[in-house]
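Colleague: Handing you a structure now.
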Protein chains: 2
Amino acid sequence: MTTESSSVDDTLLEFLHMEAVKLLEEGSTGEGMNTATTKLDTMGFRVGIALVERCSADTMRFKDELDMMRFLCKDFWLATFMKQIDNLRTNHQGVYVLQDSQFRFLTNVAEGTQYLQTAQSLLAFSCGVVRGALFNLGLTCSVTVEVTNLPVCKFHVTVI
Amino acid sequence: MTTESSSVDDTLLEFLHMEAVKLLEEGSTGEGMNTATTKLDTMGFRVGIALVERCSADTMRFKDELDMMRFLCKDFWLATFMKQIDNLRTNHQGVYVLQDSQFRFLTNVAEGTQYLQTAQSLLAFSCGVVRGALFNLGLTCSVTVEVTNLPVCKFHVTVI
């Protein structure tokens with residue numbers, strides 16, 4: 001029962017997320033589409049700020065920026081997206097690439113290049129979540145996402 | 001770790017829900033407020049339809065309307081809102097009152113009569129979920145909610 005109920009709960013979250021994306025995109029084209037993406041990103045930003053508060057409560061202070069990114073990729077990602085980041089790369093100059101090979105909000109999207117645009121909208125909220133989490137840890141960043149092969153995605157984080 | 005991670009996940013759902021409500025209400029007053037509530041209800045309706053599909057997949061056919069309502073109050077409520085309904089009443093003529101004494105989306109709302117209006121907006125999506133679930137089970141209903149004492153709420157279901 002526990003497994004079943006938690007899996008339905010997952011579904012509630014995914015459906016609600018999908019509806020929020022749909023709602024913002026309704027009738028949006030061109031510039032309206034940008035506004036929708038920005039709104040989703042802003043929603044995510046606020047949620048990320050609040051979420052990181054919960055899961056870093058009993059975490060020690062971070063040694064450096066890389067240490068903070070490791071926390072994001074492990075503890076925060078697991079608590080928020082139910083798995084850890086699969087690959088973290090950095091140029092050691094403030095640019096990080098986080099690869100998730102099976103991102104939570106993409107697992108139900110059919111594979112195929114024609115869905116890449118849909119995938120981008122589905123990730124705007126999550127980009128905001130990442131930005132908000134890092135902001136609350138003390139890092140102001142820009143976060144973009146690259147999807148070339150569903151359900152793999154790469155978050156590009158640039159510390160400003 | 002499992003408990004922690006699932007509790008943060010709950011938080012993600014609650015924050016996303018809160019943001020969706022906030023987004024729709026932004027700058028809405030009077031009639032705009034009604035539109036926001038209707039949109040939330042419609043979002044919920046679609047989600048309810050999809051959710052009930054998942055959790056009634058291996059459920060036997062229902063004997064009658066009351067049997068269906070019992071399923072809604074027990075299995076569906078548990079899977080969706082993490083607990084069962086505390087009290088179910090009916091006049092045996094198509095009117096049902098479902099009381100939840102600690103409703104999931106109200107647990108974080110401060111108590112006090114000044115928050116009752118906020119509570120109403122927070123429940124529009126859930127009313128839609130209930131309506132969608134029943135619709136997919138074969139019952140067309142109207143669903144309203146009454147909140148007089150947070151976090152207790154009563155869903156009034158009228159079969160049409």
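Chains: A, B, ... in order of the structure tokens. Residues: from 1 per chain. Ligands: from 1, in order shown.
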Find the residues near stretch 47-57 of chain B: any atom within 12 Å, counting only C-alpha atoms, skip ones fewer than 4 places away on the same chain, and give them as a PDB file with C-alpha atoms, in the first residue's frame.
Modeller:
```pdb
ATOM      1  CA  MET A   1       0.000   0.000   0.000  1.00  0.00           C
ATOM      2  CA  THR A   3       4.480   1.952  -2.440  1.00  0.00           C
ATOM      3  CA  GLU A   4       1.227   2.360  -4.303  1.00  0.00           C
ATOM      4  CA  SER A   5       0.207   5.435  -2.402  1.00  0.00           C
ATOM      5  CA  SER A   6       3.573   7.106  -2.816  1.00  0.00           C
ATOM      6  CA  SER A   7       3.532   6.358  -6.520  1.00  0.00           C
ATOM      7  CA  VAL A   8       0.116   7.958  -6.904  1.00  0.00           C
ATOM      8  CA  ASP A   9       1.409  10.925  -4.956  1.00  0.00           C
ATOM      9  CA  ASP A  10       4.238  11.283  -7.415  1.00  0.00           C
ATOM     10  CA  THR A  11       1.633  11.308 -10.097  1.00  0.00           C
ATOM     11  CA  LEU A  12      -0.286  14.117  -8.402  1.00  0.00           C
ATOM     12  CA  LEU A  13       2.873  16.223  -8.411  1.00  0.00           C
ATOM     13  CA  GLU A  14       3.642  15.446 -12.038  1.00  0.00           C
ATOM     14  CA  PHE A  15       0.094  16.155 -13.184  1.00  0.00           C
ATOM     15  CA  LEU A  16      -0.063  19.407 -11.255  1.00  0.00           C
ATOM     16  CA  HIS A  17       3.257  20.448 -12.771  1.00  0.00           C
ATOM     17  CA  MET A  18       2.026  19.565 -16.250  1.00  0.00           C
ATOM     18  CA  GLU A  19      -1.181  21.552 -15.689  1.00  0.00           C
ATOM     19  CA  ALA A  20       0.755  24.595 -14.491  1.00  0.00           C
TER      20      ALA A  20
ATOM     21  CA  LEU B  40      -7.909  25.976 -10.608  1.00  0.00           C
ATOM     22  CA  ASP B  41     -11.028  23.832 -10.517  1.00  0.00           C
ATOM     23  CA  THR B  42     -10.582  22.886 -14.184  1.00  0.00           C
ATOM     24  CA  MET B  43      -6.942  21.985 -13.602  1.00  0.00           C
ATOM     25  CA  ARG B  61     -16.716  -2.760  -9.981  1.00  0.00           C
ATOM     26  CA  PHE B  62     -18.811  -0.791  -7.556  1.00  0.00           C
ATOM     27  CA  MET B  68     -18.200   4.426  -5.059  1.00  0.00           C
ATOM     28  CA  PHE B  71     -13.849   4.080  -2.423  1.00  0.00           C
ATOM     29  CA  LEU B  72     -13.330   7.826  -2.939  1.00  0.00           C
ATOM     30  CA  LYS B  74     -10.772   5.603   1.533  1.00  0.00           C
ATOM     31  CA  ASP B  75      -8.495   4.430  -1.276  1.00  0.00           C
ATOM     32  CA  PHE B  76      -8.557   7.512  -3.470  1.00  0.00           C
ATOM     33  CA  TRP B  77      -8.224  10.009  -0.612  1.00  0.00           C
ATOM     34  CA  LEU B  78      -5.362   8.064   0.932  1.00  0.00           C
ATOM     35  CA  ALA B  79      -3.493   7.820  -2.354  1.00  0.00           C
ATOM     36  CA  THR B  80      -4.039  11.467  -3.224  1.00  0.00           C
ATOM     37  CA  PHE B  81      -4.213  13.377   0.037  1.00  0.00           C
ATOM     38  CA  PHE B 125      -7.992  22.721  -7.176  1.00  0.00           C
ATOM     39  CA  SER B 126      -8.958  19.912  -4.772  1.00  0.00           C
ATOM     40  CA  CYS B 127     -12.684  20.376  -5.495  1.00  0.00           C
ATOM     41  CA  GLY B 128     -11.811  19.866  -9.133  1.00  0.00           C
ATOM     42  CA  VAL B 129      -9.817  16.733  -8.317  1.00  0.00           C
ATOM     43  CA  VAL B 130     -12.814  15.225  -6.498  1.00  0.00           C
ATOM     44  CA  ARG B 131     -15.179  16.181  -9.329  1.00  0.00           C
ATOM     45  CA  GLY B 132     -12.812  14.704 -11.936  1.00  0.00           C
ATOM     46  CA  ALA B 133     -12.349  11.464 -10.027  1.00  0.00           C
ATOM     47  CA  LEU B 134     -16.114  10.951  -9.633  1.00  0.00           C
ATOM     48  CA  PHE B 135     -16.714  11.929 -13.238  1.00  0.00           C
ATOM     49  CA  ASN B 136     -14.328   9.238 -14.408  1.00  0.00           C
ATOM     50  CA  LEU B 137     -16.065   6.705 -12.188  1.00  0.00           C
ATOM     51  CA  GLY B 138     -19.333   7.607 -13.896  1.00  0.00           C
ATOM     52  CA  LEU B 139     -20.869  10.197 -11.572  1.00  0.00           C
ATOM     53  CA  THR B 140     -21.459  13.775 -12.708  1.00  0.00           C
TER      54      THR B 140
END
```
Colleague: Return the single residue from A:Thr38, A:Leu66, A:Cys141, A:Leu23 that is closest to A:Leu123, with distances computed using only C-alpha atoms.
Modeller: A:Thr38
Colleague: Just the residues within 10 Å of stretch 111-114 of chain B, please, counting only C-alpha atoms, with nothing from its chain fewer than 5 positions along; format it as an MDAnalysis selection string.
Modeller: chainID B and resid 106 119 147:151
Colleague: Which residue out of B:Arg104, B:Arg70, B:His92, B:Lys154 has the minimum interatomic distance to chain A when only C-alpha atoms are used?
Modeller: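 Of B:Arg104, B:Arg70, B:His92, B:Lys154, the one nearest chain A, counting only C-alpha atoms, is B:Arg104.
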Colleague: Go through B:Lys83, B:Leu98, B:Cys73, B:Asp67 and flag the residue nearest chain A, using only C-alpha atoms for the distances.
Modeller: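 Among B:Lys83, B:Leu98, B:Cys73, B:Asp67, it is B:Lys83 that comes nearest to chain A.
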Colleague: One decimal, in Å: what's the spacing between atom CA of A:Gly44 and atom CA of A:Phe103?
Modeller: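 For atom CA of A:Gly44 relative to atom CA of A:Phe103, the distance reads 15.8 Å.
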Colleague: List every residue of chain B that DSSP, applied to the backbone of this structure, places in strand (DSSP E), and write the result as an NGL selection string.
Modeller: :B and (87-90 or 95-100 or 141-149 or 152-159)
Colleague: Could you tell me which of B:Gln102, B:Thr107, B:Thr158, B:Thr35 comes closest to B:Arg89 if we count only C-alpha atoms?
Modeller: B:Thr158
Colleague: Do you have the atom CA of A:Ala110-atom CA of B:Leu24 distance handy?
Modeller: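 If I compute the distance from atom CA of A:Ala110 to atom CA of B:Leu24, I get 28.9 Å.
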Colleague: Would you compute the distance between atom CA of A:Cys153 and atom CA of A:Gln99? Give it in Å to one decimal.
Modeller: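 Going from atom CA of A:Cys153 over to atom CA of A:Gln99 covers 5.9 Å.
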